[in-house]
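J.: Sharing work-v3.cif, mmCIF, C-alpha atoms (C1' of nucleotides):
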data_upload
#
loop_
_atom_site.label_atom_id
_atom_site.label_comp_id
_atom_site.auth_asym_id
_atom_site.auth_seq_id
_atom_site.Cartn_x
_atom_site.Cartn_y
_atom_site.Cartn_z
CA MET T 30 282.02 -33.59 250.48
CA SER T 31 284.11 -31.92 253.20
CA GLN T 32 282.79 -29.73 255.96
CA ARG T 33 284.31 -26.61 254.50
CA ASP T 34 283.87 -26.45 250.79
CA THR T 35 286.11 -24.45 248.59
CA ASN T 36 286.19 -25.91 245.12
CA THR T 37 289.84 -25.28 244.61
CA GLU T 38 290.47 -28.77 243.31
CA GLN T 39 288.10 -28.18 240.42
CA HIS T 40 289.42 -24.65 239.98
CA ILE T 41 292.91 -26.05 239.45
CA LYS T 42 291.67 -28.52 236.89
CA ASP T 43 289.70 -25.81 235.11
CA THR T 44 292.77 -23.64 234.99
CA ALA T 45 294.81 -26.47 233.53
CA LYS T 46 292.11 -26.94 230.92
CA ARG T 47 292.18 -23.26 230.08
CA ILE T 48 295.93 -23.30 229.63
CA PHE T 49 296.04 -26.50 227.63
CA PHE T 50 292.79 -26.37 225.68
CA SER T 51 292.13 -22.65 225.25
CA GLU T 52 295.60 -21.14 225.18
CA GLY T 53 297.28 -24.12 223.55
CA LYS T 54 300.27 -24.04 225.88
CA LEU T 55 300.93 -27.74 225.67
CA HIS T 56 304.28 -27.46 227.45
CA ALA T 57 302.92 -25.80 230.58
CA THR T 58 304.53 -26.85 233.86
CA THR T 59 302.87 -27.40 237.21
CA GLN T 60 304.25 -24.03 238.26
CA ASP T 61 302.62 -22.37 235.25
CA ILE T 62 299.31 -23.89 236.22
CA ALA T 63 299.63 -22.99 239.87
CA ASP T 64 300.47 -19.39 238.94
CA ALA T 65 297.56 -19.16 236.54
CA ALA T 66 295.22 -20.59 239.18
CA GLY T 67 296.59 -18.14 241.75
CA VAL T 68 297.53 -20.86 244.20
CA ASN T 69 300.72 -22.28 245.62
CA ARG T 70 302.31 -25.11 243.74
CA THR T 71 302.33 -27.39 246.76
CA LEU T 72 298.56 -27.29 246.63
CA LEU T 73 298.64 -29.17 243.36
CA ASN T 74 300.53 -31.97 245.09
CA TYR T 75 298.17 -31.72 248.03
CA TYR T 76 295.18 -32.40 245.80
CA PHE T 77 296.64 -34.54 243.04
CA ARG T 78 299.84 -36.05 244.49
CA SER T 79 301.60 -35.79 241.17
CA ARG T 80 301.66 -33.95 237.93
CA ASP T 81 300.85 -37.13 236.02
CA ILE T 82 297.69 -37.72 238.03
CA LEU T 83 296.51 -34.16 237.47
CA PHE T 84 297.22 -34.37 233.76
CA GLU T 85 295.56 -37.75 233.50
CA GLN T 86 292.44 -36.45 235.24
CA VAL T 87 292.34 -33.46 232.94
CA ALA T 88 292.71 -35.70 229.89
CA THR T 89 290.03 -38.06 231.16
CA GLU T 90 287.61 -35.22 231.81
CA ALA T 91 288.40 -33.83 228.38
CA ARG T 92 287.56 -37.13 226.73
CA ALA T 93 284.39 -37.41 228.81
CA GLU T 94 283.24 -33.91 227.91
CA MET T 95 283.87 -34.54 224.23
CA SER T 96 281.98 -37.82 224.42
CA ALA T 97 279.08 -36.19 226.21
CA VAL T 98 278.77 -33.53 223.54
CA MET T 99 279.00 -36.05 220.73
CA ASP T 100 276.48 -38.33 222.37
CA PHE T 101 274.07 -35.49 222.84
CA VAL T 102 274.17 -34.87 219.13
CA PHE T 103 274.45 -38.43 217.85
CA THR T 104 271.49 -39.68 219.82
CA ALA T 105 269.28 -36.65 219.22
CA LYS T 106 265.89 -37.58 217.79
CA LEU T 107 266.12 -35.31 214.82
CA GLU T 108 266.01 -35.54 211.08
CA PHE T 109 269.47 -35.88 209.59
CA LYS T 110 269.48 -32.35 208.28
CA ASP T 111 268.59 -30.88 211.65
CA LYS T 112 271.01 -33.16 213.36
CA ILE T 113 273.85 -31.86 211.23
CA GLU T 114 272.77 -28.32 211.91
CA GLN T 115 272.70 -28.97 215.62
CA MET T 116 276.02 -30.74 215.52
CA ILE T 117 277.66 -27.78 213.84
CA ASP T 118 276.13 -25.41 216.34
CA VAL T 119 277.13 -27.40 219.40
CA PHE T 120 280.52 -28.57 218.23
CA MET T 121 281.59 -25.15 216.98
CA ASP T 122 280.73 -23.64 220.35
CA GLN T 123 282.96 -26.27 221.88
CA VAL T 124 285.95 -25.67 219.64
CA MET T 125 285.58 -21.94 220.04
CA LYS T 126 285.91 -22.43 223.77
CA PHE T 127 288.57 -25.15 223.65
CA PRO T 128 290.32 -24.99 220.28
CA TYR T 129 293.22 -27.18 221.36
CA ARG T 130 291.38 -29.85 223.29
CA GLU T 131 291.56 -32.43 220.53
CA MET T 132 295.16 -31.45 219.94
CA TYR T 133 295.93 -32.21 223.56
CA VAL T 134 294.32 -35.61 223.23
CA VAL T 135 296.24 -36.30 220.03
CA THR T 136 299.63 -35.39 221.48
CA GLU T 137 298.85 -37.44 224.58
CA LEU T 138 298.01 -40.36 222.29
CA ASN T 139 301.27 -39.88 220.40
CA ARG T 140 303.16 -39.79 223.68
CA THR T 141 301.53 -42.69 225.47
CA GLU T 142 300.11 -45.01 222.79
CA LYS T 143 296.73 -45.30 224.49
CA ILE T 144 293.69 -46.79 222.82
CA ILE T 145 290.14 -45.62 222.09
CA PRO T 146 287.27 -47.55 223.76
CA GLU T 147 284.95 -49.64 221.58
CA GLU T 148 281.74 -47.97 222.72
CA LYS T 149 282.64 -44.73 221.01
CA LYS T 150 283.18 -46.57 217.77
CA THR T 151 279.71 -48.12 217.79
CA ARG T 152 278.08 -44.73 218.36
CA LEU T 153 280.00 -43.37 215.41
CA LYS T 154 279.07 -46.36 213.27
CA SER T 155 275.38 -45.65 213.55
CA PHE T 156 276.06 -42.06 212.55
CA LEU T 157 278.02 -43.27 209.52
CA LYS T 158 275.02 -45.39 208.62
CA GLU T 159 272.72 -42.39 208.80
CA ILE T 160 275.08 -40.58 206.49
CA SER T 161 275.00 -43.45 203.99
CA GLU T 162 271.22 -43.47 204.01
CA GLU T 163 271.09 -39.76 203.39
CA MET T 164 273.41 -40.23 200.45
CA GLU T 165 271.17 -42.96 199.06
CA LYS T 166 268.26 -40.55 199.28
CA GLY T 167 270.28 -38.09 197.24
CA LYS T 168 270.18 -35.48 199.98
CA ILE T 169 273.95 -35.15 200.18
CA LYS T 170 276.77 -35.77 197.74
CA LYS T 171 277.80 -39.40 197.55
CA MET T 172 281.19 -40.28 198.97
CA ASP T 173 282.76 -42.51 201.56
CA PRO T 174 280.83 -41.61 204.75
CA ARG T 175 284.11 -41.46 206.61
CA GLN T 176 285.25 -38.74 204.26
CA PHE T 177 282.01 -36.89 204.99
CA CYS T 178 282.79 -37.06 208.69
CA MET T 179 286.34 -35.92 208.23
CA ASN T 180 285.19 -33.01 206.11
CA LEU T 181 282.69 -31.94 208.69
CA PHE T 182 285.08 -32.01 211.62
CA ALA T 183 287.93 -30.52 209.63
CA LEU T 184 285.84 -27.53 208.63
CA MET T 185 284.73 -26.97 212.21
CA ALA T 186 287.93 -27.52 214.14
CA TYR T 187 290.87 -26.51 212.01
CA PRO T 188 290.40 -22.75 211.69
CA LEU T 189 290.37 -22.49 215.46
CA ILE T 190 293.49 -24.52 215.94
CA THR T 191 295.30 -22.22 213.55
CA ASN T 192 293.68 -19.24 215.23
CA CYS T 193 296.93 -17.43 216.01
CA ILE T 194 298.27 -17.86 212.47
CA ASN T 195 295.03 -16.80 210.84
CA LYS T 196 294.64 -13.67 212.91
CA SER T 197 298.07 -12.54 211.92
CA LEU T 198 297.83 -13.72 208.32
CA TYR T 199 294.46 -12.18 207.55
CA ASN T 200 295.02 -9.14 209.75
CA ILE T 201 291.98 -9.60 211.93
CA GLY T 202 291.30 -8.87 215.58
CA ASP T 203 289.42 -10.83 218.19
CA ALA T 204 286.00 -9.39 217.45
CA GLU T 205 286.14 -9.93 213.72
CA TYR T 206 287.57 -13.39 214.20
CA LEU T 207 284.66 -14.28 216.44
CA LYS T 208 282.25 -13.07 213.78
CA LEU T 209 284.02 -15.09 211.09
CA MET T 210 283.74 -18.20 213.24
CA LYS T 211 280.06 -17.62 213.91
CA ASP T 212 279.43 -17.13 210.19
CA ARG T 213 281.16 -20.43 209.57
CA LYS T 214 278.28 -22.31 211.15
CA GLN T 215 275.97 -21.49 208.29
CA LEU T 216 278.76 -21.75 205.75
CA ILE T 217 279.82 -25.21 206.81
CA PHE T 218 276.27 -26.44 206.73
CA GLU T 219 275.94 -25.27 203.15
CA MET T 220 279.20 -26.95 202.22
CA VAL T 221 278.45 -30.40 203.58
CA TYR T 222 274.71 -30.51 203.01
CA GLN T 223 274.12 -30.79 199.21
CA MET Y 2 332.50 -27.49 203.84
CA SER Y 3 334.85 -29.57 205.97
CA GLN Y 4 337.53 -31.88 204.71
CA ARG Y 5 335.66 -34.98 205.74
CA ASP Y 6 332.02 -34.74 205.02
CA THR Y 7 329.47 -36.63 206.97
CA ASN Y 8 326.13 -34.86 206.93
CA THR Y 9 325.32 -35.71 210.49
CA GLU Y 10 324.28 -32.19 211.31
CA GLN Y 11 321.53 -32.32 208.72
CA HIS Y 12 320.69 -35.88 209.72
CA ILE Y 13 320.05 -34.73 213.27
CA LYS Y 14 317.78 -31.94 212.08
CA ASP Y 15 315.94 -34.32 209.79
CA THR Y 16 315.43 -36.72 212.67
CA ALA Y 17 314.08 -33.93 214.84
CA LYS Y 18 311.69 -33.03 212.04
CA ARG Y 19 310.55 -36.61 211.75
CA ILE Y 20 309.84 -36.82 215.47
CA PHE Y 21 308.12 -33.45 215.73
CA PHE Y 22 306.38 -33.16 212.35
CA SER Y 23 305.70 -36.77 211.38
CA GLU Y 24 305.27 -38.54 214.68
CA GLY Y 25 303.79 -35.58 216.52
CA LYS Y 26 305.88 -36.09 219.61
CA LEU Y 27 305.92 -32.45 220.59
CA HIS Y 28 307.44 -33.14 223.99
CA ALA Y 29 310.52 -34.94 222.68
CA THR Y 30 313.76 -34.29 224.58
CA THR Y 31 317.24 -33.93 223.14
CA GLN Y 32 317.90 -37.48 224.33
CA ASP Y 33 314.89 -38.73 222.38
CA ILE Y 34 316.21 -37.06 219.26
CA ALA Y 35 319.76 -38.30 219.74
CA ASP Y 36 318.48 -41.85 220.22
CA ALA Y 37 316.26 -41.66 217.16
CA ALA Y 38 319.15 -40.30 215.12
CA GLY Y 39 321.41 -43.05 216.41
CA VAL Y 40 324.01 -40.63 217.74
CA ASN Y 41 325.33 -39.60 221.11
CA ARG Y 42 323.57 -36.74 222.80
CA THR Y 43 326.78 -34.74 223.21
CA LEU Y 44 326.90 -34.54 219.44
CA LEU Y 45 323.79 -32.39 219.47
CA ASN Y 46 325.60 -29.90 221.67
CA TYR Y 47 328.70 -30.23 219.50
CA TYR Y 48 326.74 -29.13 216.44
CA PHE Y 49 324.07 -26.87 217.91
CA ARG Y 50 325.44 -25.75 221.31
CA SER Y 51 321.95 -25.84 222.83
CA ARG Y 52 318.57 -27.40 222.53
CA ASP Y 53 317.01 -24.00 221.87
CA ILE Y 54 319.29 -23.37 218.90
CA LEU Y 55 318.50 -26.76 217.40
CA PHE Y 56 314.79 -26.26 217.89
CA GLU Y 57 314.93 -22.76 216.49
CA GLN Y 58 316.76 -23.99 213.40
CA VAL Y 59 314.24 -26.74 212.92
CA ALA Y 60 311.35 -24.28 213.28
CA THR Y 61 313.00 -21.84 210.89
CA GLU Y 62 313.57 -24.54 208.28
CA ALA Y 63 309.98 -25.67 208.76
CA ARG Y 64 308.68 -22.19 208.10
CA ALA Y 65 310.97 -21.85 205.10
CA GLU Y 66 309.85 -25.17 203.62
CA MET Y 67 306.21 -24.26 204.09
CA SER Y 68 306.80 -20.87 202.49
CA ALA Y 69 308.64 -22.44 199.58
CA VAL Y 70 305.79 -24.80 198.90
CA MET Y 71 303.18 -22.09 199.16
CA ASP Y 72 305.19 -19.75 196.95
CA PHE Y 73 305.57 -22.42 194.35
CA VAL Y 74 301.82 -22.72 194.17
CA PHE Y 75 300.83 -19.09 194.68
CA THR Y 76 303.10 -17.79 191.96
CA ALA Y 77 302.40 -20.57 189.46
CA LYS Y 78 301.27 -19.24 186.10
CA LEU Y 79 298.11 -21.25 185.96
CA GLU Y 80 294.42 -20.69 185.67
CA PHE Y 81 292.73 -20.51 189.02
CA LYS Y 82 291.13 -23.90 188.67
CA ASP Y 83 294.42 -25.59 187.85
CA LYS Y 84 296.14 -23.66 190.57
CA ILE Y 85 293.73 -25.00 193.15
CA GLU Y 86 294.20 -28.48 191.79
CA GLN Y 87 297.94 -28.14 192.02
CA MET Y 88 297.76 -26.65 195.47
CA ILE Y 89 295.75 -29.57 196.74
CA ASP Y 90 298.14 -32.03 195.16
CA VAL Y 91 301.28 -30.39 196.50
CA PHE Y 92 299.98 -29.40 199.92
CA MET Y 93 298.39 -32.77 200.61
CA ASP Y 94 301.67 -34.49 199.82
CA GLN Y 95 303.26 -32.18 202.36
CA VAL Y 96 300.78 -32.82 205.13
CA MET Y 97 300.90 -36.53 204.47
CA LYS Y 98 304.62 -36.40 205.08
CA PHE Y 99 304.55 -33.88 207.95
CA PRO Y 100 301.07 -33.89 209.49
CA TYR Y 101 302.12 -32.04 212.62
CA ARG Y 102 304.38 -29.40 211.11
CA GLU Y 103 301.83 -26.62 211.36
CA MET Y 104 300.93 -27.84 214.82
CA TYR Y 105 304.53 -27.45 215.86
CA VAL Y 106 304.59 -23.92 214.52
CA VAL Y 107 301.33 -23.11 216.31
CA THR Y 108 302.48 -24.41 219.68
CA GLU Y 109 305.77 -22.56 219.27
CA LEU Y 110 303.78 -19.41 218.54
CA ASN Y 111 301.65 -19.99 221.64
CA ARG Y 112 304.79 -20.49 223.68
CA THR Y 113 306.92 -17.64 222.41
CA GLU Y 114 304.52 -15.00 221.03
CA LYS Y 115 306.49 -14.57 217.81
CA ILE Y 116 305.15 -12.74 214.82
CA ILE Y 117 304.58 -13.56 211.16
CA PRO Y 118 306.57 -11.55 208.57
CA GLU Y 119 304.75 -9.11 206.30
CA GLU Y 120 305.97 -10.62 203.04
CA LYS Y 121 303.92 -13.76 203.55
CA LYS Y 122 300.81 -11.70 204.05
CA THR Y 123 301.19 -9.88 200.74
CA ARG Y 124 301.58 -13.17 198.87
CA LEU Y 125 298.41 -14.42 200.48
CA LYS Y 126 296.60 -11.19 199.69
CA SER Y 127 297.06 -11.63 195.97
CA PHE Y 128 295.72 -15.15 196.29
CA LEU Y 129 292.68 -13.86 198.14
CA LYS Y 130 292.16 -11.42 195.29
CA GLU Y 131 292.26 -14.23 192.77
CA ILE Y 132 289.64 -16.03 194.82
CA SER Y 133 287.39 -12.95 194.83
CA GLU Y 134 287.68 -12.61 191.08
CA GLU Y 135 286.76 -16.24 190.60
CA MET Y 136 283.71 -15.70 192.75
CA GLU Y 137 282.71 -12.69 190.69
CA LYS Y 138 282.94 -14.88 187.59
CA GLY Y 139 280.56 -17.30 189.25
CA LYS Y 140 283.08 -20.12 189.12
CA ILE Y 141 282.98 -20.77 192.85
CA LYS Y 142 280.42 -20.17 195.55
CA LYS Y 143 280.45 -16.62 196.89
CA MET Y 144 281.73 -16.16 200.42
CA ASP Y 145 284.38 -14.29 202.34
CA PRO Y 146 287.60 -15.30 200.53
CA ARG Y 147 289.23 -15.88 203.88
CA GLN Y 148 286.58 -18.47 204.63
CA PHE Y 149 287.37 -20.10 201.32
CA CYS Y 150 291.03 -20.33 202.31
CA MET Y 151 290.25 -21.70 205.73
CA ASN Y 152 287.96 -24.31 204.21
CA LEU Y 153 290.61 -25.41 201.78
CA PHE Y 154 293.37 -25.76 204.35
CA ALA Y 155 291.09 -27.31 206.93
CA LEU Y 156 289.99 -30.02 204.53
CA MET Y 157 293.58 -30.79 203.62
CA ALA Y 158 295.33 -30.66 206.96
CA TYR Y 159 292.93 -31.73 209.67
CA PRO Y 160 292.34 -35.40 208.85
CA LEU Y 161 296.08 -35.98 209.01
CA ILE Y 162 296.50 -34.25 212.33
CA THR Y 163 293.82 -36.47 213.79
CA ASN Y 164 295.37 -39.46 212.02
CA CYS Y 165 295.77 -41.58 215.14
CA ILE Y 166 292.22 -40.96 216.29
CA ASN Y 167 290.71 -41.60 212.88
CA LYS Y 168 292.54 -44.86 212.33
CA SER Y 169 291.24 -46.18 215.60
CA LEU Y 170 287.77 -44.67 215.25
CA TYR Y 171 287.11 -45.85 211.71
CA ASN Y 172 289.00 -49.11 212.14
CA ILE Y 173 291.42 -48.59 209.29
CA GLY Y 174 295.03 -49.58 208.77
CA ASP Y 175 297.92 -47.70 207.22
CA ALA Y 176 297.31 -48.81 203.66
CA GLU Y 177 293.64 -47.95 203.61
CA TYR Y 178 294.28 -44.67 205.35
CA LEU Y 179 296.78 -43.76 202.69
CA LYS Y 180 294.21 -44.53 200.02
CA LEU Y 181 291.56 -42.43 201.80
CA MET Y 182 293.97 -39.52 201.92
CA LYS Y 183 294.84 -39.85 198.25
CA ASP Y 184 291.15 -39.97 197.37
CA ARG Y 185 290.67 -36.78 199.32
CA LYS Y 186 292.60 -34.81 196.72
CA GLN Y 187 289.83 -35.22 194.18
CA LEU Y 188 287.14 -34.97 196.83
CA ILE Y 189 288.40 -31.69 198.24
CA PHE Y 190 288.67 -30.20 194.81
CA GLU Y 191 285.03 -31.04 194.18
CA MET Y 192 284.02 -29.55 197.49
CA VAL Y 193 285.69 -26.17 197.09
CA TYR Y 194 285.39 -25.87 193.33
CA GLN Y 195 281.80 -26.95 193.02
"C1'" DT E 21 351.78 -42.19 208.67
"C1'" DT E 22 350.06 -38.83 210.87
"C1'" DG E 23 347.16 -35.00 211.86
"C1'" DG E 24 342.60 -33.49 211.97
"C1'" DC E 25 337.83 -34.36 212.13
"C1'" DG E 26 333.77 -36.73 213.59
"C1'" DT E 27 332.29 -39.35 217.17
"C1'" DT E 28 331.83 -41.74 221.55
"C1'" DT E 29 332.55 -42.35 226.42
"C1'" DA E 30 332.45 -41.03 230.95
"C1'" DA E 31 332.12 -38.15 234.44
"C1'" DC E 32 330.22 -34.04 235.99
"C1'" DA E 33 327.94 -29.47 236.54
"C1'" DA E 34 323.92 -26.72 236.23
"C1'" DA E 35 319.33 -25.88 235.61
"C1'" DA E 36 314.59 -26.94 235.55
"C1'" DA E 37 310.82 -29.45 237.07
"C1'" DT E 38 308.68 -32.24 240.32
"C1'" DG E 39 307.83 -34.17 244.89
"C1'" DT E 40 308.04 -34.07 250.17
"C1'" DT E 41 307.77 -32.44 254.73
"C1'" DA E 42 306.73 -29.74 258.67
"C1'" DA E 43 305.34 -25.72 260.54
"C1'" DA E 44 302.49 -21.70 260.54
"C1'" DC E 45 298.48 -19.17 259.27
"C1'" DA E 46 293.55 -18.15 258.20
"C1'" DT E 47 289.01 -18.96 258.92
"C1'" DA E 48 284.46 -21.04 258.60
"C1'" DA E 49 281.82 -24.43 261.12
"C1'" DT E 50 280.72 -26.52 265.29
"C1'" DA V 26 286.54 -20.46 271.56
"C1'" DT V 27 288.12 -24.36 269.57
"C1'" DT V 28 288.93 -27.24 265.94
"C1'" DA V 29 289.33 -29.16 261.53
"C1'" DT V 30 290.23 -27.86 256.92
"C1'" DG V 31 292.29 -25.23 253.33
"C1'" DT V 32 296.26 -22.80 252.22
"C1'" DT V 33 300.83 -20.76 252.33
"C1'" DT V 34 305.70 -20.64 253.41
"C1'" DA V 35 310.09 -22.32 253.49
"C1'" DA V 36 313.36 -25.48 253.23
"C1'" DC V 37 314.80 -29.56 250.99
"C1'" DA V 38 315.18 -33.97 248.28
"C1'" DT V 39 314.70 -36.16 243.94
"C1'" DT V 40 314.37 -36.64 239.22
"C1'" DT V 41 314.79 -35.10 234.53
"C1'" DT V 42 316.75 -32.56 231.29
"C1'" DT V 43 320.28 -29.90 229.55
"C1'" DG V 44 325.00 -28.27 229.12
"C1'" DT V 45 330.28 -28.88 229.73
"C1'" DT V 46 334.69 -30.87 229.63
"C1'" DA V 47 338.46 -33.85 228.63
"C1'" DA V 48 340.10 -37.87 226.99
"C1'" DA V 49 340.10 -41.52 223.71
"C1'" DC V 50 338.97 -43.93 219.41
"C1'" DG V 51 338.47 -44.66 214.42
"C1'" DC V 52 339.47 -43.31 210.17
"C1'" DC V 53 339.93 -40.69 205.94
"C1'" DA V 54 342.84 -37.45 203.48
"C1'" DA V 55 346.78 -35.13 202.77
#
Let's see the structure in the file written out as structure tokens.
T.:
Amino acid sequence: MSQRDTNTEQHIKDTAKRIFFSEGKLHATTQDIADAAGVNRTLLNYYFRSRDILFEQVATEARAEMSAVMDFVFTAKLEFKDKIEQMIDVFMDQVMKFPYREMYVVTELNRTEKIIPEEKKTRLKSFLKEISEEMEKGKIKKMDPRQFCMNLFALMAYPLITNCINKSLYNIGDAEYLKLMKDRKQLIFEMVYQ
Amino acid sequence: MSQRDTNTEQHIKDTAKRIFFSEGKLHATTQDIADAAGVNRTLLNYYFRSRDILFEQVATEARAEMSAVMDFVFTAKLEFKDKIEQMIDVFMDQVMKFPYREMYVVTELNRTEKIIPEEKKTRLKSFLKEISEEMEKGKIKKMDPRQFCMNLFALMAYPLITNCINKSLYNIGDAEYLKLMKDRKQLIFEMVYQ
DNA sequence: TTGGCGTTTAACAAAAATGTTAAACATAAT
DNA sequence: ATTATGTTTAACATTTTTGTTAAACGCCAA
């Protein structure tokens, strides 16, 4: 830590996240980000040296945050039913805040052909197993557990990605949209559980 | 029509669509597109004068194609149940071919602040009404019809957008993924039409 | 067979985005 | 009060992307 501590470096990254993940402006330039952060563009180079480094850090933090959230839920000592409920609650809050975060990761993957670390896969595997067991018990409809996962995440994430279309299409404002999204928590639970 | 008829102009647009909508490379440059189309970049300017015009044409055609598909389904003279079945069949085929098409439209909307024409909204409205009626009849679970729509489209579109993540996460190859997506047609129908 | 069209090549121009440098300024911490 | 740090300004350099122009080539159709 430096003697004089502004946290401008983090502020810049947070602004980039807002632009990319909340506003979905995937084509934003360094100038756009500097403007939005209310700082001079040279400051971005001062802190990050290059656009690529900034973007990479943002992407890395994004992946870390997503992992942290998923871990929190996956490893929770809860009954399956409660775990699902908690997952919906936590994950929906996330996508409401950062609707385009996964989209950013996807387009970065499409651009750069990166790969997903093994550890994440093992965490998911144990969750898939839990799902299977719950199906055996007859608590949820039987299907490929991967399909169950896809359903769950689709129902949570998609309506927020298409936010701008939906608002216009269904003629709804910010407040009502927020309410619809909050109502979805219960609705989604009812759809996937039984 | 010209005396000598290559259809290079359309070929270029189709290539752009493939790159944007199928491969999800939202940051592709005119050079990328020219290369993928196997033509010289100057030819893009020859046909379209500017990148913006090409992109606008591609976006316009995308919207038109999506509208055409939706119209085909919305206006079909079918019972609600069959209509839903057909919608899933037709729409899933679309998203399997162009997973990122809606994503492209969304990011363009976020970039340019365009607006959606009224006509589309009225078509949707009559569909929402059909949904309400079906709920009254007790054929499907009661909820806000808009939520029903969001559920339906989420279940269809999202797993294909996150294609690259899913393949890696669930350790599946192209063939198996294709099968999973085909199986989803039936699965989604069962989820929304209890 | 030749004229017109589609296409490429090459060489630039222009614009947009990014990166660099040095100097000046502000100010909180010592 | 001085200094080190954070920040801005301004002036450029570099790189990437896009747009322009003119000439040449291949070839099909009239």
J.: For chain E, list the residues within 8 Å of chain T, counting only C-alpha atoms (C1' of nucleotides), and write the list as a ChimeraX atom specification.
T.: /E:37-39,48-49
J.: Run the PyMOL selection byres ((chain V) within 12 of (chain Y)) mentally over the shown coordinates, then write out the matched residues as JSON, numbers by chain, using the chain letters and numbers from the document.
T.: {"V": [41, 42, 43, 44, 45, 46, 52, 53, 54, 55]}
J.: Considering all atoms listed in the file, extract the chain Y residues located within 8 Å of chain T and return them as a count of residues only.
T.: 34
J.: Kindly give the distance, in Å, that separates atom CA of His40 of chain T and atom CA of Asp203 of chain T, rounded to a single decimal.
T.: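 That distance, rounded to one decimal, is 25.8 Å.
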J.: In Å, how far is it from atom CA of Arg64 of chain Y to atom CA of Met121 of chain T?
T.: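 Rounded to one decimal, the two atoms are 28.7 Å apart.
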J.: Any idea what's packed within 12 Å of Lys180 of chain Y, counting all atoms listed in the file, ignoring anything in its chain fewer than 6 positions away? Could you give it as a VMD selection string?
T.: (chain T and resid 173 176) or (chain Y and resid 97 173 to 174 186 to 187)
J.: For the residues in the current selection, export C-alpha atoms as a CSV table (one decimal), in the frame of the given file.
T.:
chain,number,residue,atom,x,y,z
T,173,ASP,CA,282.8,-42.5,201.6
T,176,GLN,CA,285.2,-38.7,204.3
Y,97,MET,CA,300.9,-36.5,204.5
Y,173,ILE,CA,291.4,-48.6,209.3
Y,174,GLY,CA,295.0,-49.6,208.8
Y,186,LYS,CA,292.6,-34.8,196.7
Y,187,GLN,CA,289.8,-35.2,194.2
J.: Evaluate the PyMOL selection byres ((chain V and resi 29-39) around 12) on the structure here and hand back the selected residues as a ChimeraX atom specification.
T.: /T:30-38,67-73,75-76 /E:37-50 /V:27-28,40-41
J.: Could you check how far atom CA of Glu62 of chain Y sits from atom CA of Phe22 of chain Y, in Å to one decimal?
T.: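 Atom CA of Phe22 of chain Y lies 11.9 Å from atom CA of Glu62 of chain Y.
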J.: Which one is closest to Ala17 of chain Y: Y:Asp33, Y:Ser127, Y:Tyr194, Y:Glu120? Count only C-alpha atoms.
T.: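 When distances to Ala17 of chain Y are compared using only C-alpha atoms, the smallest one comes from Y:Asp33.
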J.: Please provide the set of residues having any atom within 12 Å of Thr76 of chain Y, restricted to only C-alpha atoms (C1' of nucleotides), with same-chain residues fewer than 6 positions apart removed, written as a PDB file with C-alpha atoms, keeping the file's coordinate frame.
T.:
ATOM      1  CA  SER Y  68     306.800 -20.870 202.490  1.00  0.00           C
ATOM      2  CA  ALA Y  69     308.640 -22.440 199.580  1.00  0.00           C
ATOM      3  CA  VAL Y  70     305.790 -24.800 198.900  1.00  0.00           C
ATOM      4  CA  LYS Y  84     296.140 -23.660 190.570  1.00  0.00           C
ATOM      5  CA  ILE Y  85     293.730 -25.000 193.150  1.00  0.00           C
ATOM      6  CA  GLN Y  87     297.940 -28.140 192.020  1.00  0.00           C
ATOM      7  CA  MET Y  88     297.760 -26.650 195.470  1.00  0.00           C
ATOM      8  CA  THR Y 123     301.190  -9.880 200.740  1.00  0.00           C
ATOM      9  CA  ARG Y 124     301.580 -13.170 198.870  1.00  0.00           C
ATOM     10  CA  LEU Y 125     298.410 -14.420 200.480  1.00  0.00           C
ATOM     11  CA  SER Y 127     297.060 -11.630 195.970  1.00  0.00           C
ATOM     12  CA  PHE Y 128     295.720 -15.150 196.290  1.00  0.00           C
ATOM     13  CA  GLU Y 131     292.260 -14.230 192.770  1.00  0.00           C
TER      14      GLU Y 131
END
